Amino acid sequence: MVAAESTEALGRAIADPNSFLTNAWLIAFLPAMSALLTLFLGKRTPGKGSVYGIAAVGASFVLSLGVLWTFVGGERGFYEASMPWFQIGQLHLEVGVYVDGLTAVMVVVVTSISLCVHIYSLGYMKGDVRFTWFYTVLSLFTSAMLVVVLANNLFQLLVGWEVMGVCSYLLIGHWWEDHVNSSSAIKAFITTRVGDVPFMFGIFVLISITGFTTSNIPAISDVVSHGGASVALVSAAALLLFGGTIGKSAQFPLHVWLPDAMAGPTPVSALIHAATMVAAGVYLVGRLFFVFTDADPVVLQIVGVVGGITMLGAALMAFVQDDIKRVLAYSTISQLAYMVAGMSMGPAGRTGAFFHLFTHAFFKALLFLGSGVVIHAVHTNNMSEMGGLRSRMPITFWTFLIGSLALAGVPPLAGFWSKDELLVVANEGGHDVMFVVLLLTALLTAFYMTRAVLMTFFGEFRGHGEPHEGPRTMTGVLVALATVTVFVGLLGAPQLGAPFGTWVFFHEIEEALFVPWIAVASTLAALLGIAIGYRLYNTYRERDPIRSLGPAYTVLTNKYYLDDLYWKGIVRPVRDDLSARVYWNDRRIIDGVVNGAASFTKTLGNGVNWFDEKVIDGAVNGLANLAGFTGGLLRYIQSGNVQRYAVFLFAGVVVLAVIFTKI
Amino acid sequence: MIRLPLVLFLSAALFSTGVYGVLARRNAVLVLMSIELMLNAVNINLVAFGAALHDLTGQVFALFVITVAAAEVGIGLAIVILIYRNRATINVDEVNLLKW
């Protein structure tokens, strides 16, 4: 096994893996099976097929907890198992699992959020036209993400990555009868595709580093960490891979698909934005972190710059949204940028980034599912038509409030600890600009979440009808997630020894620090944001106070004109001009060549046919005709008249006699 | 001793008469008789040359020819009778079934 040689780069292989580790492949396999079962048997099963998904993801969740428990118990190594898939020349491709602390944390996040979404969808999607199909794709989506997380090689990772892209397309466009939804699905698919192309080339570069022999991650890590590849090549690979992260994790400038992905059903938004899809991009950087650390330092700086731009830009755009899901979408982009920025600060930042991914998954899922309950109740996404839901939907309100406070970074909730960790790392590592940006984003985050909470739950109800609390399957999930959100942050609390840092680390465990002034600063930033938000949105105003920003408001509502730029600069030229030309080219040139070849062959065939009929058959028939003709002439001699025969006989004798006598 | 040329003239005249009879007569019996004339003309030739050359071969040959001629006439007349029975005619022009 390759793993044995790469101990230096990735720690040591676990000597006697327990049965949770040896059966880790089931974590990804079970949801895939449930997708198949739901697809083929779903409509004939009670509950229209939802049982398969819930049971399979539930089982995967239990297995994941078992896997995580192994690492909680102090295990520091990794477990790898694989079997050959197929071989192309020198290149051996395999299917396998690679489990270390990072994987363990990720599978728990994915399966737990997915389980919540599966259960929640029972209520949210009740009576939907394509209920069974929804559960099929949901399970497949979960499975694809787990394949990415568990993959021990890049090729398998790419397969899961792409399946996830397809599933996100299917889920975002779930209600495709509405043209907006199907366009959003296409936008999401194509935009992430733009990132996937460099990602794929990045994988090729990494495979080429091994001399085209394997795509195994530990093996590549081994080559890279032993200096088996030039820095330039590794840097190129890192940048190309980061292209995939930009696409999937919706970083600037490919973040445009994510707000539109809100067209999908809300549980899908929760799944995409909390546990899968967008997390895959961040996970990719973390899993292949050795590529980034061994690359030229400028690569990580680029990562940091992208993260910083996205973080602030997205947070500002969240200011002006009226659609509650879009507020959360921009918040997701911003928080993902937090993680990406964390990665850019090196090994210590990696742990912090993953801790933020971990906590963010729970409170963002909570927020999305909470907004889903609200949307379910008031039948609109617009916060201007909500308000006053606090008393009408108390469970949703309290859980949403907890989620918002966690996102804002109010201690001792989850978001506080993870943000604090990143801030400390930024401070320790001397990333002053990053420190300020992180702090500023924390302030902005607190502000827009306060705005969202106040507009949705406080004041007078401005919508129609009488909203009421959602069904128990939905609120139950909210309560569960809120509970987790309250306590999960403590896993990273330095006062409690920050156990999270002992599960997810790079090379060696970073010591978690608690710097009082940073904690105070981040808390103050959060409180300041909340205070400004409260000041502006305490009483609902018909004219959104944020409009007083003037031109800046226009820029923000137009999403920095990026969408227009893409629309006018890329989509329209490609769709209208390029595709028309390609179509013309296809019709005239390609089809022309094909049809020309066909008609040429036909003409040639006709010629050959003519030659056959006239010349070959003509020769044969001509000979026959000649024989027939001469025979026809000769037959007149054969008169049947004996005396005429006798005349010929005598004539012959006379001729012979003349000839012989002459001689 | 009759001179050989005179005999040859007789033979030639007989043969020519036979040829004419074979080619020109319509009656099958007459055709057969003409063939006899031709055979006998040949016999005269054979005997005449045999006498002139003092060689008995000619006469022996003539005997053979007479024998063959007898057989030939026997078969020929049998055919003529059968034709007559079947077609009620012995006109050789009408016996022309063996043709294209």
# chains A, B, ... in the order shown; residues from 1 in each chain; ligands from 1
>>> interface_residues(of="chain B", to="chain A", cutoff="12 Å", atoms="only C-alpha atoms", output="list in words")
Ser16, Gly18, Val19, Tyr20, Gly21, Val22, Leu23, Ala24, Arg25, Arg26, Asn27, Ala28, Val31, Leu32, Ile35, Asn91, Val92, Asp93, Glu94, Val95, Asn96, Leu97, Leu98, Lys99 and Trp100 of chain B
>>> select_by_dssp(residues="chain B", states="helix (DSSP H, G or I)", output="PyMOL selection string")
chain B and resi 4-24+28-53+57-87
>>> write_last_selection(atoms="C-alpha atoms", output="compact mmCIF listing (two decimals), in the first residue's frame")
# COMPACT_ATOMS: atom_id res chain seq x y z
CA LEU B 4 -11.13 -48.51 -118.96
CA PRO B 5 -12.17 -44.94 -119.76
CA LEU B 6 -15.48 -46.12 -121.23
CA VAL B 7 -16.23 -48.05 -118.08
CA LEU B 8 -15.29 -45.02 -115.99
CA PHE B 9 -17.61 -42.88 -118.07
CA LEU B 10 -20.43 -45.36 -117.46
CA SER B 11 -19.61 -45.36 -113.78
CA ALA B 12 -19.56 -41.54 -113.65
CA ALA B 13 -22.87 -41.35 -115.55
CA LEU B 14 -24.46 -43.82 -113.17
CA PHE B 15 -23.10 -41.97 -110.14
CA SER B 16 -24.32 -38.63 -111.42
CA THR B 17 -27.76 -40.09 -112.08
CA GLY B 18 -27.73 -41.40 -108.50
CA VAL B 19 -26.70 -38.06 -107.12
CA TYR B 20 -29.42 -36.36 -109.07
CA GLY B 21 -31.96 -38.90 -107.87
CA VAL B 22 -30.90 -38.48 -104.20
CA LEU B 23 -31.02 -34.74 -104.37
CA ALA B 24 -34.01 -34.16 -106.57
CA ALA B 28 -38.25 -41.88 -100.47
CA VAL B 29 -38.16 -45.21 -102.34
CA LEU B 30 -36.68 -43.48 -105.36
CA VAL B 31 -34.10 -41.83 -103.18
CA LEU B 32 -33.13 -45.25 -101.85
CA MET B 33 -32.91 -46.58 -105.38
CA SER B 34 -30.71 -43.63 -106.38
CA ILE B 35 -28.39 -44.47 -103.50
CA GLU B 36 -28.20 -48.04 -104.93
CA LEU B 37 -27.25 -46.51 -108.26
CA MET B 38 -24.43 -44.56 -106.67
CA LEU B 39 -23.17 -47.62 -104.78
CA ASN B 40 -23.21 -49.71 -107.92
CA ALA B 41 -21.39 -46.98 -109.85
CA VAL B 42 -18.69 -47.23 -107.25
CA ASN B 43 -18.77 -51.03 -107.57
CA ILE B 44 -18.22 -50.72 -111.33
CA ASN B 45 -15.28 -48.42 -110.62
CA LEU B 46 -13.80 -50.84 -108.14
CA VAL B 47 -14.19 -53.85 -110.42
CA ALA B 48 -12.90 -51.91 -113.44
CA PHE B 49 -9.79 -50.68 -111.67
CA GLY B 50 -9.32 -54.17 -110.17
CA ALA B 51 -9.38 -55.72 -113.62
CA ALA B 52 -7.17 -53.02 -115.09
CA LEU B 53 -4.61 -53.27 -112.33
CA THR B 57 -8.85 -56.18 -103.90
CA GLY B 58 -11.23 -54.19 -106.05
CA GLN B 59 -13.53 -57.13 -106.60
CA VAL B 60 -13.43 -58.12 -102.91
CA PHE B 61 -14.27 -54.57 -102.01
CA ALA B 62 -17.14 -54.66 -104.48
CA LEU B 63 -18.53 -57.76 -102.73
CA PHE B 64 -18.36 -55.96 -99.39
CA VAL B 65 -20.15 -52.97 -100.87
CA ILE B 66 -22.92 -55.23 -102.23
CA THR B 67 -23.33 -56.73 -98.75
CA VAL B 68 -23.46 -53.36 -97.09
CA ALA B 69 -25.83 -52.11 -99.80
CA ALA B 70 -28.20 -55.00 -99.11
CA ALA B 71 -28.19 -54.20 -95.40
CA GLU B 72 -28.63 -50.52 -96.16
CA VAL B 73 -31.61 -51.14 -98.38
CA GLY B 74 -33.14 -53.42 -95.73
CA ILE B 75 -32.90 -50.77 -93.05
CA GLY B 76 -33.84 -47.99 -95.47
CA LEU B 77 -37.00 -49.71 -96.66
CA ALA B 78 -37.95 -50.51 -93.04
CA ILE B 79 -37.63 -46.81 -92.20
CA VAL B 80 -39.67 -45.88 -95.27
CA ILE B 81 -42.41 -48.32 -94.28
CA LEU B 82 -42.50 -46.96 -90.73
CA ILE B 83 -42.63 -43.41 -92.03
CA TYR B 84 -45.44 -44.31 -94.31
CA ARG B 85 -47.35 -46.00 -91.48
CA ASN B 86 -46.96 -43.00 -89.23
CA ARG B 87 -47.44 -40.17 -91.69
>>> atom_distance(atom1="atom CA of A:Tyr330", atom2="atom CA of A:Gly342")
18.3 Å
>>> atom_distance(atom1="atom CA of A:Val340", atom2="atom CA of A:Gly307")
5.4 Å
>>> atom_distance(atom1="atom CA of A:Ser143", atom2="atom CA of A:Leu65")
16.5 Å
>>> closest_atom_pairs(of="stretch 151-256 of chain A", to="stretch 21-36 of chain A", cutoff="12 Å", atoms="only C-alpha atoms", output="Markdown table")
| residue | atom | partner | partner_atom | distance |
| --- | --- | --- | --- | --- |
| A:Ala151 | CA | A:Trp25 | CA | 9.4 |
| A:Asn152 | CA | A:Trp25 | CA | 11.0 |
| A:Gly160 | CA | A:Ala28 | CA | 10.2 |
| A:Val163 | CA | A:Ala32 | CA | 11.3 |
| A:Cys167 | CA | A:Ala35 | CA | 11.5 |
>>> write_last_selection(atoms="N, CA and C atoms", output="PDB file, in the first residue's frame")
ATOM      1  N   ALA A 151     -12.943  10.285  -0.491  1.00  0.00           N
ATOM      2  CA  ALA A 151     -12.085   9.820  -1.579  1.00  0.00           C
ATOM      3  C   ALA A 151     -10.621   9.781  -1.163  1.00  0.00           C
ATOM      4  N   ASN A 152      -9.941   8.693  -1.539  1.00  0.00           N
ATOM      5  CA  ASN A 152      -8.500   8.637  -1.288  1.00  0.00           C
ATOM      6  C   ASN A 152      -7.723   8.981  -2.540  1.00  0.00           C
ATOM      7  N   GLY A 160     -17.260  12.332  -7.712  1.00  0.00           N
ATOM      8  CA  GLY A 160     -18.243  12.813  -6.734  1.00  0.00           C
ATOM      9  C   GLY A 160     -18.543  14.286  -6.939  1.00  0.00           C
ATOM     10  N   VAL A 163     -20.854  14.652  -9.955  1.00  0.00           N
ATOM     11  CA  VAL A 163     -22.204  14.158  -9.649  1.00  0.00           C
ATOM     12  C   VAL A 163     -22.929  15.191  -8.797  1.00  0.00           C
ATOM     13  N   CYS A 167     -26.463  17.041  -9.440  1.00  0.00           N
ATOM     14  CA  CYS A 167     -27.556  16.987  -8.465  1.00  0.00           C
ATOM     15  C   CYS A 167     -27.979  18.390  -8.061  1.00  0.00           C
TER      16      CYS A 167
END
